[in-house]
Amino acid sequence: MNAKKAIAVLLTLAMLFSAAGCGGGGAAEESRTFTFALSEEVDTLNPLSSWMAVSFELLLLIYDPLVRYDTELERLPCLAESWEVSDDQLTWTFHLAEGVTWHDGEPFTSADVKFSYELFTAQEAYMYAGYNEGITEISCPDDYTVVMTTDAPKANMLMNTSPIVPKHIWEGLEDPYNYGNEQPIGTGPFKFDSEGEGFIKLTKNPDYFQEIPGDIENIVFVLYENADTAAQALLLGEVDGTSGLTAAQIEQMDSAEEVDLVLADIPGFSYIAINTWPESEVPDAHPLLKDKTVRYALEYCTDKQKIVSMAYGDAGDAGTTIINPGDKYHYEPTAEELRTYDPDKAAALLEAAGYKDTDGDGIREAADGTKLSFELIAIADNTPEVKTAQMMAAGCALAGIELKLVTMDSGALTDVIYEGGYDLYIWGWGADVDPSVITRIFVTDEWWNLNETGFSNARYDELFYEQMTTMDEEARIAMVQEMQKIAYENGHYIVYIYDNYIQAIRSDRWTNYVQVPPGVGGLFLNMTAWNYMNMKAAQ
């Protein structure tokens, strides 16, 4: 978004607040509007095709799932008031809340649940379809009962946050996956109100079937050009909360008395992906990156601790595997397995494997003369990632590997990734309570969808599908940890940081907000609607 558009957004907000003040609401109405500065654009409000974290945030406010998460990320009834599973763990019965209506006034029934689950599966909904794997039949004995039959025990049945969409709107769509959904209708605690250039406004649902104890009447999500402008907007009182701040704003936010700064541990990580696509799939993929020795050398040249400190302002922890520490499913490599910063070790590995600098230019070559020279792509406006790329290139040069930094916007990078036309790139993944969500990214069946590096391992695939049907938690943990060990041993990802979401809120305006989970998690983007539903105006 350019500067002119940012100014247009602020003018639009002024008009919104002026309109809210008409008819006697005045300052009281404005005080009940929570304005949130977005650091990235909402891709779509169609839950079938959405994939951005900020879009998920809006969707969980507009739509309800059967079961939601509480502040401890434990299961909490939502559209399903209660449930039970059969002794053979193959039949789940959900008893729905009665008297629930859609935002357009139509009644919610079990038919909407059946329709939604089957639609998300048939359309391969990006964020949600995986939750429905293994469900073979859905029936509705009455308007308030849903029975789901599975082909095997389903470990993540109650971790399913799929939004329920209205059958009466979606069943007639010719192309639901690409439906614009410009006026989304849900059952959620907030209703879609309006959208303009750079903003989306929601209003409190007065007919919500559960109590909404908080004071928020309106939520306005506003897109800001960068973290600096979002931070200034917060300090000036133009917005009430933000996420996606960077290390550059930490000191400033921390010293502002009217602001509460949170360095949130959020499931997910930032990583360097290495192209290991087989020649049969991507003929032009760099052949030397298929050598695990080269991939190991790249990681030994990545000073993760220095990156965390200098690029991220210590807002995070050095990474290893794809599930965060503190999560019961996390696998931490042993001392023998761990690859920590050691350019000398990288150089020794490469030398032993026959990669030598024969022409004295500082870049090692393979026996056929192919140089250890690769492009590393970073998103241009992501300062920490660009700094990470620069620091990694400096470390690699010490071992005789050349990394050439290329920057582009996220849209262009997405195109490059799904063409397989890259050597290395930097990006990040968000995760979920269910380990299947993040571990799916390495499944062979997900080639050209989630698995963007061409990684394939038969044992990994076997474990992935087995853990999804394992109801014994300890056994499931062991399987998921073995999967992470396999992926780490392959070395196609360098998980370099479990980065914090740097979030802030105007504590002089709002109270009764919590971190989810308590003490470590986020105020926002935490997989719950709790703060939006419970925050109180401070004045």
# chains A, B, ... in the order shown; residues from 1 in each chain; ligands from 1
call {"tool": "residues_around", "arguments": {"residues": "Gly172 in chain A", "least_positions_apart": "6", "cutoff": "12 Å", "atoms": "only C-alpha atoms", "output": "list in words"}}
result
Phe115, Leu119, Pro166 and Tyr179 of chain A
call {"tool": "write_last_selection", "arguments": {"atoms": "all heavy atoms", "output": "PDB file, in the first residue's frame"}}
result
ATOM      1  N   PHE A 115     -23.465 -29.509   5.530  1.00  0.00           N
ATOM      2  CA  PHE A 115     -23.114 -28.847   4.275  1.00  0.00           C
ATOM      3  C   PHE A 115     -21.703 -28.269   4.336  1.00  0.00           C
ATOM      4  O   PHE A 115     -20.906 -28.428   3.400  1.00  0.00           O
ATOM      5  CB  PHE A 115     -24.126 -27.734   3.977  1.00  0.00           C
ATOM      6  CG  PHE A 115     -23.741 -26.890   2.803  1.00  0.00           C
ATOM      7  CD1 PHE A 115     -23.984 -27.309   1.510  1.00  0.00           C
ATOM      8  CD2 PHE A 115     -23.109 -25.660   2.989  1.00  0.00           C
ATOM      9  CE1 PHE A 115     -23.617 -26.535   0.413  1.00  0.00           C
ATOM     10  CE2 PHE A 115     -22.731 -24.874   1.910  1.00  0.00           C
ATOM     11  CZ  PHE A 115     -22.985 -25.311   0.618  1.00  0.00           C
ATOM     12  N   LEU A 119     -18.622 -29.347   2.054  1.00  0.00           N
ATOM     13  CA  LEU A 119     -18.124 -28.342   1.122  1.00  0.00           C
ATOM     14  C   LEU A 119     -16.625 -28.139   1.293  1.00  0.00           C
ATOM     15  O   LEU A 119     -15.874 -28.105   0.298  1.00  0.00           O
ATOM     16  CB  LEU A 119     -18.855 -27.019   1.364  1.00  0.00           C
ATOM     17  CG  LEU A 119     -18.370 -25.816   0.557  1.00  0.00           C
ATOM     18  CD1 LEU A 119     -18.704 -25.990  -0.922  1.00  0.00           C
ATOM     19  CD2 LEU A 119     -18.957 -24.511   1.093  1.00  0.00           C
ATOM     20  N   PRO A 166     -23.346 -20.668   6.020  1.00  0.00           N
ATOM     21  CA  PRO A 166     -24.780 -20.872   5.820  1.00  0.00           C
ATOM     22  C   PRO A 166     -25.100 -21.609   4.515  1.00  0.00           C
ATOM     23  O   PRO A 166     -24.770 -21.121   3.428  1.00  0.00           O
ATOM     24  CB  PRO A 166     -25.341 -19.449   5.805  1.00  0.00           C
ATOM     25  CG  PRO A 166     -24.199 -18.590   5.370  1.00  0.00           C
ATOM     26  CD  PRO A 166     -22.962 -19.247   5.896  1.00  0.00           C
ATOM     27  N   TYR A 179     -15.503 -17.641  -4.759  1.00  0.00           N
ATOM     28  CA  TYR A 179     -16.563 -16.718  -4.371  1.00  0.00           C
ATOM     29  C   TYR A 179     -15.971 -15.538  -3.602  1.00  0.00           C
ATOM     30  O   TYR A 179     -15.174 -15.715  -2.679  1.00  0.00           O
ATOM     31  CB  TYR A 179     -17.567 -17.483  -3.516  1.00  0.00           C
ATOM     32  CG  TYR A 179     -18.687 -16.681  -2.912  1.00  0.00           C
ATOM     33  CD1 TYR A 179     -19.448 -15.806  -3.673  1.00  0.00           C
ATOM     34  CD2 TYR A 179     -19.010 -16.823  -1.565  1.00  0.00           C
ATOM     35  CE1 TYR A 179     -20.492 -15.091  -3.113  1.00  0.00           C
ATOM     36  CE2 TYR A 179     -20.056 -16.121  -0.982  1.00  0.00           C
ATOM     37  CZ  TYR A 179     -20.792 -15.241  -1.771  1.00  0.00           C
ATOM     38  OH  TYR A 179     -21.821 -14.550  -1.211  1.00  0.00           O
TER      39      TYR A 179
END
call {"tool": "residues_around", "arguments": {"residues": "range 418-424 of chain A", "least_positions_apart": "5", "cutoff": "7 Å", "atoms": "only C-alpha atoms", "output": "count of residues only"}}
result
13
call {"tool": "residues_around", "arguments": {"residues": "Leu76 in chain A", "least_positions_apart": "5", "cutoff": "10 Å", "atoms": "only C-alpha atoms", "output": "list in words"}}
result
Leu66, Val67, Arg68, Tyr69, Asp70, Thr71, Glu81, Ser82 and Leu158 of chain A
call {"tool": "write_last_selection", "arguments": {"atoms": "N, CA, C and O atoms", "output": "mmCIF file, in the first residue's frame"}}
result
data_model
loop_
_atom_site.group_PDB
_atom_site.id
_atom_site.type_symbol
_atom_site.label_atom_id
_atom_site.label_comp_id
_atom_site.auth_asym_id
_atom_site.auth_seq_id
_atom_site.Cartn_x
_atom_site.Cartn_y
_atom_site.Cartn_z
ATOM 1 N N LEU A 66 -17.810 -25.631 15.508
ATOM 2 C CA LEU A 66 -18.529 -26.465 16.473
ATOM 3 C C LEU A 66 -17.906 -26.325 17.856
ATOM 4 O O LEU A 66 -18.592 -26.203 18.873
ATOM 5 N N VAL A 67 -16.569 -26.361 17.890
ATOM 6 C CA VAL A 67 -15.830 -26.310 19.155
ATOM 7 C C VAL A 67 -14.749 -25.238 19.014
ATOM 8 O O VAL A 67 -14.055 -25.185 18.004
ATOM 9 N N ARG A 68 -14.612 -24.367 20.005
ATOM 10 C CA ARG A 68 -13.592 -23.334 19.970
ATOM 11 C C ARG A 68 -12.590 -23.550 21.107
ATOM 12 O O ARG A 68 -12.715 -24.494 21.897
ATOM 13 N N TYR A 69 -11.600 -22.673 21.186
ATOM 14 C CA TYR A 69 -10.585 -22.769 22.233
ATOM 15 C C TYR A 69 -10.824 -21.709 23.301
ATOM 16 O O TYR A 69 -11.265 -20.597 23.008
ATOM 17 N N ASP A 70 -10.490 -22.067 24.551
ATOM 18 C CA ASP A 70 -10.542 -21.091 25.632
ATOM 19 C C ASP A 70 -9.167 -20.444 25.787
ATOM 20 O O ASP A 70 -8.265 -20.636 24.956
ATOM 21 N N THR A 71 -8.958 -19.702 26.869
ATOM 22 C CA THR A 71 -7.699 -18.987 27.049
ATOM 23 C C THR A 71 -6.527 -19.911 27.367
ATOM 24 O O THR A 71 -5.371 -19.483 27.312
ATOM 25 N N GLU A 81 -22.984 -27.714 21.799
ATOM 26 C CA GLU A 81 -23.031 -27.554 23.255
ATOM 27 C C GLU A 81 -22.396 -28.731 23.969
ATOM 28 O O GLU A 81 -21.839 -28.583 25.070
ATOM 29 N N SER A 82 -22.479 -29.911 23.362
ATOM 30 C CA SER A 82 -21.895 -31.111 23.963
ATOM 31 C C SER A 82 -21.667 -32.134 22.865
ATOM 32 O O SER A 82 -22.148 -31.986 21.732
ATOM 33 N N LEU A 158 -11.806 -32.852 17.811
ATOM 34 C CA LEU A 158 -12.199 -31.709 18.625
ATOM 35 C C LEU A 158 -11.219 -30.545 18.502
ATOM 36 O O LEU A 158 -11.361 -29.528 19.188
#
call {"tool": "select_by_dssp", "arguments": {"residues": "range 116-354 of chain A", "states": "strand (DSSP E or B)", "output": "PyMOL selection string"}}
result
chain A and resi 135-142+145-150+190-196+199-204+218-223+241-245+259-264+268-274+316-318
call {"tool": "residues_around", "arguments": {"residues": "Val495 in chain A", "least_positions_apart": "3", "cutoff": "7 Å", "atoms": "only C-alpha atoms", "output": "PyMOL selection string"}}
result
chain A and resi 269-272+319-322
call {"tool": "closest_residue", "arguments": {"among": "A:Val259, A:Phe120, A:Glu174, A:Asp215", "to": "Gln232 in chain A", "atoms": "only C-alpha atoms"}}
result
A:Val259
call {"tool": "residues_around", "arguments": {"residues": "Gly180 in chain A", "least_positions_apart": "6", "cutoff": "8 Å", "atoms": "only C-alpha atoms", "output": "ChimeraX atom specification"}}
result
/A:44-46
call {"tool": "residues_around", "arguments": {"residues": "Ser507 in chain A", "least_positions_apart": "4", "cutoff": "8 Å", "atoms": "only C-alpha atoms", "output": "PDB file with N, CA, C and O atoms, in the first residue's frame"}}
result
ATOM      1  N   GLU A 258       1.256   4.577  28.136  1.00  0.00           N
ATOM      2  CA  GLU A 258      -0.122   4.271  27.753  1.00  0.00           C
ATOM      3  C   GLU A 258      -0.247   3.003  26.903  1.00  0.00           C
ATOM      4  O   GLU A 258      -1.343   2.642  26.473  1.00  0.00           O
ATOM      5  N   VAL A 259       0.884   2.325  26.694  1.00  0.00           N
ATOM      6  CA  VAL A 259       0.907   1.148  25.815  1.00  0.00           C
ATOM      7  C   VAL A 259       1.381  -0.077  26.584  1.00  0.00           C
ATOM      8  O   VAL A 259       2.325   0.000  27.372  1.00  0.00           O
ATOM      9  N   ASP A 260       0.717  -1.205  26.355  1.00  0.00           N
ATOM     10  CA  ASP A 260       1.146  -2.484  26.905  1.00  0.00           C
ATOM     11  C   ASP A 260       1.758  -3.293  25.766  1.00  0.00           C
ATOM     12  O   ASP A 260       1.090  -3.609  24.776  1.00  0.00           O
ATOM     13  N   THR A 511      -9.104  -2.603  29.085  1.00  0.00           N
ATOM     14  CA  THR A 511      -8.701  -3.505  30.165  1.00  0.00           C
ATOM     15  C   THR A 511      -9.321  -4.870  29.907  1.00  0.00           C
ATOM     16  O   THR A 511     -10.043  -5.075  28.931  1.00  0.00           O
ATOM     17  N   ALA A 538     -11.542   1.290  29.299  1.00  0.00           N
ATOM     18  CA  ALA A 538     -10.908   1.736  30.537  1.00  0.00           C
ATOM     19  C   ALA A 538     -11.570   2.986  31.093  1.00  0.00           C
ATOM     20  O   ALA A 538     -11.460   3.274  32.285  1.00  0.00           O
TER      21      ALA A 538
END
call {"tool": "residues_around", "arguments": {"residues": "Leu202 in chain A", "least_positions_apart": "4", "cutoff": "12 Å", "atoms": "only C-alpha atoms", "output": "PDB file with N, CA, C and O atoms, in the first residue's frame"}}
result
ATOM      1  N   LEU A  16     -15.821   7.284   9.352  1.00  0.00           N
ATOM      2  CA  LEU A  16     -16.500   6.216  10.088  1.00  0.00           C
ATOM      3  C   LEU A  16     -16.835   6.669  11.502  1.00  0.00           C
ATOM      4  O   LEU A  16     -17.943   6.472  11.991  1.00  0.00           O
ATOM      5  N   THR A  33     -15.336   1.517  19.981  1.00  0.00           N
ATOM      6  CA  THR A  33     -14.780   1.022  18.722  1.00  0.00           C
ATOM      7  C   THR A  33     -13.317   0.667  18.926  1.00  0.00           C
ATOM      8  O   THR A  33     -12.523   1.509  19.354  1.00  0.00           O
ATOM      9  N   PHE A  34     -12.971  -0.574  18.651  1.00  0.00           N
ATOM     10  CA  PHE A  34     -11.587  -1.028  18.776  1.00  0.00           C
ATOM     11  C   PHE A  34     -10.979  -1.040  17.378  1.00  0.00           C
ATOM     12  O   PHE A  34     -11.452  -1.750  16.486  1.00  0.00           O
ATOM     13  N   THR A  35      -9.934  -0.254  17.193  1.00  0.00           N
ATOM     14  CA  THR A  35      -9.291  -0.144  15.888  1.00  0.00           C
ATOM     15  C   THR A  35      -7.966  -0.886  15.919  1.00  0.00           C
ATOM     16  O   THR A  35      -7.121  -0.628  16.777  1.00  0.00           O
ATOM     17  N   PHE A  36      -7.801  -1.807  14.984  1.00  0.00           N
ATOM     18  CA  PHE A  36      -6.635  -2.692  14.966  1.00  0.00           C
ATOM     19  C   PHE A  36      -5.831  -2.440  13.702  1.00  0.00           C
ATOM     20  O   PHE A  36      -6.368  -2.492  12.584  1.00  0.00           O
ATOM     21  N   GLU A  57      -8.116 -14.373  11.529  1.00  0.00           N
ATOM     22  CA  GLU A  57      -8.567 -13.569  12.661  1.00  0.00           C
ATOM     23  C   GLU A  57      -9.977 -13.033  12.429  1.00  0.00           C
ATOM     24  O   GLU A  57     -10.839 -13.098  13.313  1.00  0.00           O
ATOM     25  N   LEU A  58     -10.227 -12.505  11.246  1.00  0.00           N
ATOM     26  CA  LEU A  58     -11.557 -11.979  10.942  1.00  0.00           C
ATOM     27  C   LEU A  58     -12.585 -13.099  10.820  1.00  0.00           C
ATOM     28  O   LEU A  58     -13.718 -12.967  11.293  1.00  0.00           O
ATOM     29  N   LEU A  59     -12.177 -14.203  10.215  1.00  0.00           N
ATOM     30  CA  LEU A  59     -13.117 -15.309  10.014  1.00  0.00           C
ATOM     31  C   LEU A  59     -13.604 -15.879  11.336  1.00  0.00           C
ATOM     32  O   LEU A  59     -14.771 -16.253  11.469  1.00  0.00           O
ATOM     33  N   LEU A  60     -12.736 -15.948  12.359  1.00  0.00           N
ATOM     34  CA  LEU A  60     -13.171 -16.529  13.628  1.00  0.00           C
ATOM     35  C   LEU A  60     -14.091 -15.593  14.401  1.00  0.00           C
ATOM     36  O   LEU A  60     -14.746 -16.016  15.348  1.00  0.00           O
ATOM     37  N   LEU A  61     -14.139 -14.315  13.993  1.00  0.00           N
ATOM     38  CA  LEU A  61     -15.078 -13.386  14.600  1.00  0.00           C
ATOM     39  C   LEU A  61     -16.438 -13.417  13.904  1.00  0.00           C
ATOM     40  O   LEU A  61     -17.477 -13.222  14.535  1.00  0.00           O
ATOM     41  N   ILE A  62     -16.425 -13.664  12.602  1.00  0.00           N
ATOM     42  CA  ILE A  62     -17.666 -13.667  11.811  1.00  0.00           C
ATOM     43  C   ILE A  62     -18.355 -15.030  11.853  1.00  0.00           C
ATOM     44  O   ILE A  62     -19.592 -15.103  11.923  1.00  0.00           O
ATOM     45  N   HIS A 103     -26.498 -14.169  10.683  1.00  0.00           N
ATOM     46  CA  HIS A 103     -26.520 -12.710  10.736  1.00  0.00           C
ATOM     47  C   HIS A 103     -27.648 -12.102   9.913  1.00  0.00           C
ATOM     48  O   HIS A 103     -28.036 -10.949  10.140  1.00  0.00           O
ATOM     49  N   GLN A 183     -19.953  -9.888   1.397  1.00  0.00           N
ATOM     50  CA  GLN A 183     -20.824  -9.612   2.543  1.00  0.00           C
ATOM     51  C   GLN A 183     -20.985 -10.898   3.354  1.00  0.00           C
ATOM     52  O   GLN A 183     -22.040 -11.522   3.347  1.00  0.00           O
ATOM     53  N   PRO A 184     -19.931 -11.338   4.030  1.00  0.00           N
ATOM     54  CA  PRO A 184     -19.990 -12.632   4.710  1.00  0.00           C
ATOM     55  C   PRO A 184     -21.069 -12.680   5.782  1.00  0.00           C
ATOM     56  O   PRO A 184     -21.234 -11.732   6.556  1.00  0.00           O
ATOM     57  N   ILE A 185     -21.807 -13.779   5.796  1.00  0.00           N
ATOM     58  CA  ILE A 185     -22.859 -14.009   6.781  1.00  0.00           C
ATOM     59  C   ILE A 185     -22.459 -15.200   7.631  1.00  0.00           C
ATOM     60  O   ILE A 185     -22.244 -16.306   7.113  1.00  0.00           O
ATOM     61  N   GLY A 186     -22.321 -14.991   8.940  1.00  0.00           N
ATOM     62  CA  GLY A 186     -21.986 -16.074   9.853  1.00  0.00           C
ATOM     63  C   GLY A 186     -22.943 -16.099  11.020  1.00  0.00           C
ATOM     64  O   GLY A 186     -24.001 -15.459  11.009  1.00  0.00           O
ATOM     65  N   GLY A 188     -21.263 -15.714  14.089  1.00  0.00           N
ATOM     66  CA  GLY A 188     -20.259 -15.338  15.077  1.00  0.00           C
ATOM     67  C   GLY A 188     -20.602 -14.131  15.921  1.00  0.00           C
ATOM     68  O   GLY A 188     -21.610 -13.448  15.704  1.00  0.00           O
ATOM     69  N   PRO A 189     -19.735 -13.833  16.888  1.00  0.00           N
ATOM     70  CA  PRO A 189     -19.981 -12.740  17.839  1.00  0.00           C
ATOM     71  C   PRO A 189     -19.946 -11.356  17.204  1.00  0.00           C
ATOM     72  O   PRO A 189     -20.435 -10.394  17.785  1.00  0.00           O
ATOM     73  N   PHE A 190     -19.363 -11.241  15.999  1.00  0.00           N
ATOM     74  CA  PHE A 190     -19.335  -9.969  15.294  1.00  0.00           C
ATOM     75  C   PHE A 190     -19.813 -10.157  13.862  1.00  0.00           C
ATOM     76  O   PHE A 190     -19.590 -11.201  13.240  1.00  0.00           O
ATOM     77  N   LYS A 191     -20.490  -9.142  13.350  1.00  0.00           N
ATOM     78  CA  LYS A 191     -21.058  -9.171  12.016  1.00  0.00           C
ATOM     79  C   LYS A 191     -20.247  -8.280  11.081  1.00  0.00           C
ATOM     80  O   LYS A 191     -19.735  -7.235  11.491  1.00  0.00           O
ATOM     81  N   PHE A 192     -20.149  -8.715   9.840  1.00  0.00           N
ATOM     82  CA  PHE A 192     -19.516  -7.865   8.834  1.00  0.00           C
ATOM     83  C   PHE A 192     -20.376  -6.630   8.632  1.00  0.00           C
ATOM     84  O   PHE A 192     -21.591  -6.711   8.459  1.00  0.00           O
ATOM     85  N   ASP A 193     -19.720  -5.460   8.644  1.00  0.00           N
ATOM     86  CA  ASP A 193     -20.435  -4.196   8.448  1.00  0.00           C
ATOM     87  C   ASP A 193     -20.109  -3.570   7.104  1.00  0.00           C
ATOM     88  O   ASP A 193     -21.003  -3.300   6.301  1.00  0.00           O
ATOM     89  N   SER A 194     -18.822  -3.333   6.846  1.00  0.00           N
ATOM     90  CA  SER A 194     -18.443  -2.649   5.613  1.00  0.00           C
ATOM     91  C   SER A 194     -16.967  -2.866   5.331  1.00  0.00           C
ATOM     92  O   SER A 194     -16.194  -3.271   6.204  1.00  0.00           O
ATOM     93  N   GLU A 195     -16.593  -2.581   4.090  1.00  0.00           N
ATOM     94  CA  GLU A 195     -15.196  -2.696   3.665  1.00  0.00           C
ATOM     95  C   GLU A 195     -14.892  -1.577   2.701  1.00  0.00           C
ATOM     96  O   GLU A 195     -15.717  -1.212   1.854  1.00  0.00           O
ATOM     97  N   ILE A 216     -16.736  -3.861  23.477  1.00  0.00           N
ATOM     98  CA  ILE A 216     -16.495  -3.544  22.070  1.00  0.00           C
ATOM     99  C   ILE A 216     -17.798  -3.649  21.275  1.00  0.00           C
ATOM    100  O   ILE A 216     -18.448  -4.691  21.260  1.00  0.00           O
ATOM    101  N   GLU A 217     -18.150  -2.560  20.610  1.00  0.00           N
ATOM    102  CA  GLU A 217     -19.316  -2.545  19.735  1.00  0.00           C
ATOM    103  C   GLU A 217     -18.911  -2.642  18.268  1.00  0.00           C
ATOM    104  O   GLU A 217     -19.649  -3.196  17.449  1.00  0.00           O
ATOM    105  N   ASN A 218     -17.751  -2.094  17.933  1.00  0.00           N
ATOM    106  CA  ASN A 218     -17.248  -2.119  16.555  1.00  0.00           C
ATOM    107  C   ASN A 218     -15.761  -2.480  16.576  1.00  0.00           C
ATOM    108  O   ASN A 218     -15.035  -2.079  17.488  1.00  0.00           O
ATOM    109  N   ILE A 219     -15.342  -3.204  15.563  1.00  0.00           N
ATOM    110  CA  ILE A 219     -13.924  -3.468  15.344  1.00  0.00           C
ATOM    111  C   ILE A 219     -13.594  -2.991  13.939  1.00  0.00           C
ATOM    112  O   ILE A 219     -14.255  -3.393  12.974  1.00  0.00           O
ATOM    113  N   VAL A 220     -12.584  -2.144  13.830  1.00  0.00           N
ATOM    114  CA  VAL A 220     -12.141  -1.680  12.520  1.00  0.00           C
ATOM    115  C   VAL A 220     -10.706  -2.161  12.312  1.00  0.00           C
ATOM    116  O   VAL A 220      -9.806  -1.797  13.075  1.00  0.00           O
ATOM    117  N   PHE A 221     -10.518  -3.000  11.312  1.00  0.00           N
ATOM    118  CA  PHE A 221      -9.184  -3.491  10.953  1.00  0.00           C
ATOM    119  C   PHE A 221      -8.655  -2.594   9.839  1.00  0.00           C
ATOM    120  O   PHE A 221      -9.275  -2.460   8.780  1.00  0.00           O
ATOM    121  N   VAL A 222      -7.489  -1.977  10.081  1.00  0.00           N
ATOM    122  CA  VAL A 222      -6.929  -1.011   9.146  1.00  0.00           C
ATOM    123  C   VAL A 222      -5.553  -1.480   8.680  1.00  0.00           C
ATOM    124  O   VAL A 222      -4.708  -1.856   9.495  1.00  0.00           O
ATOM    125  N   TYR A 532     -11.564 -10.007  22.043  1.00  0.00           N
ATOM    126  CA  TYR A 532     -12.558  -9.174  21.367  1.00  0.00           C
ATOM    127  C   TYR A 532     -13.916  -9.243  22.067  1.00  0.00           C
ATOM    128  O   TYR A 532     -14.674  -8.277  22.082  1.00  0.00           O
TER     129      TYR A 532
END
call {"tool": "atom_distance", "arguments": {"atom1": "CA of Gln210 in chain A", "atom2": "CA of Gly130 in chain A"}}
result
28.1 Å
call {"tool": "closest_residue", "arguments": {"among": "A:Ser255, A:Ser410, A:Thr121, A:Gln539", "to": "Asn382 in chain A", "atoms": "only C-alpha atoms"}}
result
A:Ser410
call {"tool": "closest_residue", "arguments": {"among": "A:Tyr329, A:Tyr425, A:Tyr501, A:Trp102", "to": "Tyr208 in chain A", "atoms": "only C-alpha atoms"}}
result
A:Trp102
call {"tool": "closest_residue", "arguments": {"among": "A:Ser309, A:Ser436, A:Thr302, A:Ser456", "to": "Tyr128 in chain A", "atoms": "only C-alpha atoms"}}
result
A:Ser436
call {"tool": "closest_residue", "arguments": {"among": "A:Thr439, A:Thr388, A:Asn531, A:Asn526", "to": "Ile426 in chain A", "atoms": "only C-alpha atoms"}}
result
A:Thr388
